[in-house]
Amino acid sequence: MGLSREDTESDPIQREHVSSNANSSSSQTARNSSHDANDPHPLHRHRTIRGKLGLNPKTPLDEEHAFGEHSKLLWPRIRAVIREPLAEFWGVFFMVLFGNGSVAQVLLTQGQQSAPGENGFGNYQSINWGWGLGVMLGIYIGGDSGAYLNPAVTFANCLYRGLPWRRFPMYLVAQFLGGFCASGVVYINYINAINAFAGYGVRTVPPAAGATAGIFCTYPQAYMTKAGQFFSEFIASSILIFVIFALKDGSNSGGIRGDANFFPLALFFLIFGLGCAFGVETGYALNLARDFGPRLMSYAVGYGPEVWSAGGYYFWVPMVAPFCGCIFGGFLYDISIYTGPESPINSPWMGLKHVIRPDRALQKRWADREKEVPGDVMQGYVDPEAANAKREGGR
């Protein structure tokens, strides 16, 4: 998951630097070097900006799109700089749109006899379907960024899979804003139904009768202790990352291999299953962006301070427990199954020296940042057909 590291040899800026300081063997080479040095294409300048923002300096664009005339216009230039955060924003946006929308439809139509079956438009399984579909579609939308859609999952990939830590803050902000904005759209869409269900202008929080705040974020059952709330989210988050790592593990014969992208579909079934098995106690939040963003939105539109105090100030549990669960679940998978070199579990002392000497860990990350299999496209993405043709031609 996430973007790959770049090799110096695949970077045209580095090649330009090397060629400008080497003796050229032909005038054609000299002309090409001169052309590259004076290339005004904005994509070259984007690398510096993206690096300062903590993003991969190489923009995830097709070569034809990257060098087209339209790429020099203002908005394409801006979009090229922030494309991955935008992908995370819209991935979470559509995830929450379908998830919160399914909860709203089920809750606000309870017992409605005009519905098919004369008992409202859906049931609890409809909510699981909505969240599962939302996650699946969000992954398809956010593919260029890695489609993490969850700060805890992003954190686990930084910790165990070599995703650069500098991307975490930018992705976190984008994911939070996606959840906040999507829940606002759901509220606007269902505001008349909320007024009809609870009373005009009435905005209440569970466990109050007729509460509608549960449309947007999770609230625990009244019988749940604080330890029970935390463990429910912890165990579900551990399962989430354990299965994600298994699906993305190319060395695991049970993982997803080949060109067919079945990962989003697999995540649909995973989220659906988590809702079926671990949803009753706390609503299987699993995700700070999916819970805190909509919670803040519900507070802003008038649900009041009870959104924070309900369940014995439960609001912090979906913010902290998913991180703890993903750290633990990732550790279990890596210590038991994963054999790749990216994980600190597969390093001396299981990575503990990185905790003792974080400065050395950062130096190693910085040194490895530019290492990758050379790409055939300026942005660092390998064109399979071109790569195959090159290999065939070399034989």
# chains A, B, ... in the order shown; residues from 1 in each chain; ligands from 1
call {"tool": "residues_around", "arguments": {"residues": "segment 212-226 of chain A", "least_positions_apart": "2", "cutoff": "6 Å", "atoms": "only C-alpha atoms", "output": "list of chain:residue names"}}
result
A:Asn100, A:Val103, A:Ala104, A:Val205, A:Gly228, A:Gln229, A:Glu281, A:Thr282, A:Gly283, A:Asp291, A:Pro294, A:Arg295
call {"tool": "closest_atom_pairs", "arguments": {"of": "segment 134-244 of chain A", "to": "segment 328-345 of chain A", "cutoff": "12 Å", "atoms": "only C-alpha atoms", "output": "Markdown table"}}
result
| residue | atom | partner | partner_atom | distance |
| --- | --- | --- | --- | --- |
| A:Ala152 | CA | A:Gly330 | CA | 10.8 |
| A:Val153 | CA | A:Gly330 | CA | 9.4 |
| A:Thr154 | CA | A:Gly330 | CA | 11.6 |
| A:Phe155 | CA | A:Gly330 | CA | 10.4 |
| A:Ala156 | CA | A:Gly330 | CA | 6.7 |
| A:Asn157 | CA | A:Gly330 | CA | 8.7 |
| A:Cys158 | CA | A:Ser343 | CA | 9.7 |
| A:Leu159 | CA | A:Ser343 | CA | 7.6 |
| A:Tyr160 | CA | A:Ser343 | CA | 4.5 |
| A:Arg161 | CA | A:Glu342 | CA | 5.2 |
| A:Gly162 | CA | A:Glu342 | CA | 5.7 |
| A:Leu163 | CA | A:Glu342 | CA | 9.3 |
| A:Pro164 | CA | A:Glu342 | CA | 11.6 |
| A:Phe234 | CA | A:Phe328 | CA | 8.7 |
| A:Ile235 | CA | A:Gly329 | CA | 8.4 |
| A:Ala236 | CA | A:Gly329 | CA | 9.5 |
| A:Ser237 | CA | A:Gly329 | CA | 7.4 |
| A:Ser238 | CA | A:Gly329 | CA | 4.1 |
| A:Ile239 | CA | A:Gly329 | CA | 6.4 |
| A:Leu240 | CA | A:Gly329 | CA | 7.8 |
| A:Ile241 | CA | A:Gly329 | CA | 5.8 |
| A:Phe242 | CA | A:Gly329 | CA | 5.1 |
| A:Val243 | CA | A:Tyr333 | CA | 8.5 |
| A:Ile244 | CA | A:Gly330 | CA | 9.1 |
call {"tool": "write_last_selection", "arguments": {"atoms": "C-alpha atoms", "output": "short mmCIF file (atom, residue, chain, number, x, y, z; two decimals), in the first residue's frame"}}
result
data_model
loop_
_atom_site.label_atom_id
_atom_site.label_comp_id
_atom_site.auth_asym_id
_atom_site.auth_seq_id
_atom_site.Cartn_x
_atom_site.Cartn_y
_atom_site.Cartn_z
CA ALA A 152 -4.81 4.22 12.24
CA VAL A 153 -4.25 2.17 9.08
CA THR A 154 -1.97 4.92 7.72
CA PHE A 155 -0.04 4.86 11.00
CA ALA A 156 0.35 1.08 10.87
CA ASN A 157 1.71 1.28 7.32
CA CYS A 158 4.22 3.92 8.42
CA LEU A 159 5.28 1.71 11.31
CA TYR A 160 5.39 -1.68 9.59
CA ARG A 161 5.49 -1.13 5.81
CA GLY A 162 7.87 1.75 5.27
CA LEU A 163 5.33 4.41 4.35
CA PRO A 164 7.20 7.69 4.97
CA PHE A 234 -9.32 -2.46 20.04
CA ILE A 235 -10.13 -6.02 18.98
CA ALA A 236 -12.06 -4.94 15.87
CA SER A 237 -9.19 -2.64 14.79
CA SER A 238 -6.67 -5.45 15.36
CA ILE A 239 -8.68 -7.73 13.09
CA LEU A 240 -8.96 -4.96 10.50
CA ILE A 241 -5.21 -4.39 10.08
CA PHE A 242 -4.33 -8.08 10.43
CA VAL A 243 -6.54 -8.96 7.47
CA ILE A 244 -5.42 -5.91 5.44
#
call {"tool": "residues_around", "arguments": {"residues": "segment 180-190 of chain A", "least_positions_apart": "5", "cutoff": "10 Å", "atoms": "only C-alpha atoms", "output": "PyMOL selection string"}}
result
chain A and resi 89-90+92-102+104-105+108+174-175+195-196+215-217+289-298+300-301
call {"tool": "write_last_selection", "arguments": {"atoms": "C-alpha atoms", "output": "PDB file, in the first residue's frame"}}
result
ATOM      1  CA  PHE A  89     -10.266  13.232   1.101  1.00  0.00           C
ATOM      2  CA  TRP A  90     -12.649  11.910  -1.538  1.00  0.00           C
ATOM      3  CA  VAL A  92     -13.165   9.023   3.028  1.00  0.00           C
ATOM      4  CA  PHE A  93     -15.894  11.352   1.783  1.00  0.00           C
ATOM      5  CA  PHE A  94     -17.635   8.632  -0.192  1.00  0.00           C
ATOM      6  CA  MET A  95     -17.040   6.048   2.525  1.00  0.00           C
ATOM      7  CA  VAL A  96     -18.808   8.221   5.112  1.00  0.00           C
ATOM      8  CA  LEU A  97     -21.431   9.322   2.605  1.00  0.00           C
ATOM      9  CA  PHE A  98     -22.604   5.734   2.090  1.00  0.00           C
ATOM     10  CA  GLY A  99     -22.065   4.731   5.729  1.00  0.00           C
ATOM     11  CA  ASN A 100     -23.846   7.621   7.413  1.00  0.00           C
ATOM     12  CA  GLY A 101     -26.472   7.658   4.682  1.00  0.00           C
ATOM     13  CA  SER A 102     -27.372   4.020   5.336  1.00  0.00           C
ATOM     14  CA  ALA A 104     -29.904   7.693   8.432  1.00  0.00           C
ATOM     15  CA  GLN A 105     -32.211   5.772   6.117  1.00  0.00           C
ATOM     16  CA  LEU A 108     -35.344   7.667  10.294  1.00  0.00           C
ATOM     17  CA  ALA A 174      -7.357  15.055   4.429  1.00  0.00           C
ATOM     18  CA  GLN A 175      -9.100  12.034   5.970  1.00  0.00           C
ATOM     19  CA  ASN A 195     -37.173  17.044  11.913  1.00  0.00           C
ATOM     20  CA  ALA A 196     -40.078  14.729  11.091  1.00  0.00           C
ATOM     21  CA  ILE A 215     -26.516   8.782  12.369  1.00  0.00           C
ATOM     22  CA  PHE A 216     -23.163  10.534  12.228  1.00  0.00           C
ATOM     23  CA  CYS A 217     -20.881   8.909  14.791  1.00  0.00           C
ATOM     24  CA  ALA A 289     -11.767  10.184  10.519  1.00  0.00           C
ATOM     25  CA  ARG A 290     -15.103   8.361  10.276  1.00  0.00           C
ATOM     26  CA  ASP A 291     -16.030   9.149  13.898  1.00  0.00           C
ATOM     27  CA  PHE A 292     -14.375  12.350  15.116  1.00  0.00           C
ATOM     28  CA  GLY A 293     -15.023  14.336  11.927  1.00  0.00           C
ATOM     29  CA  PRO A 294     -18.772  13.595  11.870  1.00  0.00           C
ATOM     30  CA  ARG A 295     -18.948  14.029  15.658  1.00  0.00           C
ATOM     31  CA  LEU A 296     -17.521  17.520  15.364  1.00  0.00           C
ATOM     32  CA  MET A 297     -19.963  18.257  12.543  1.00  0.00           C
ATOM     33  CA  SER A 298     -22.922  17.109  14.664  1.00  0.00           C
ATOM     34  CA  ALA A 300     -21.523  22.286  15.071  1.00  0.00           C
ATOM     35  CA  VAL A 301     -25.091  21.844  13.780  1.00  0.00           C
TER      36      VAL A 301
END
call {"tool": "select_by_dssp", "arguments": {"residues": "segment 170-386 of chain A", "states": "helix (DSSP H, G or I)", "output": "ChimeraX atom specification"}}
result
/A:170-198,213-215,226-248,263-278,288-303,306-336,344-346,348-356,358-368,384-386
call {"tool": "closest_residue", "arguments": {"among": "A:Phe231, A:Asp144, A:Val106, A:Met170", "to": "Gly51 of chain A", "atoms": "only C-alpha atoms"}}
result
A:Met170
call {"tool": "closest_residue", "arguments": {"among": "A:Ile49, A:Val307, A:Leu133, A:Leu107", "to": "Ala80 of chain A", "atoms": "only C-alpha atoms"}}
result
A:Ile49
call {"tool": "closest_residue", "arguments": {"among": "A:Ala310, A:Leu286, A:Cys276, A:Leu53", "to": "Cys324 of chain A", "atoms": "only C-alpha atoms"}}
result
A:Leu286
call {"tool": "atom_distance", "arguments": {"atom1": "atom CA of Ile271 of chain A", "atom2": "atom CA of Asn128 of chain A"}}
result
7.4 Å
call {"tool": "closest_residue", "arguments": {"among": "A:Ala227, A:Phe121, A:Gly146, A:Ala246", "to": "Arg83 of chain A", "atoms": "only C-alpha atoms"}}
result
A:Gly146
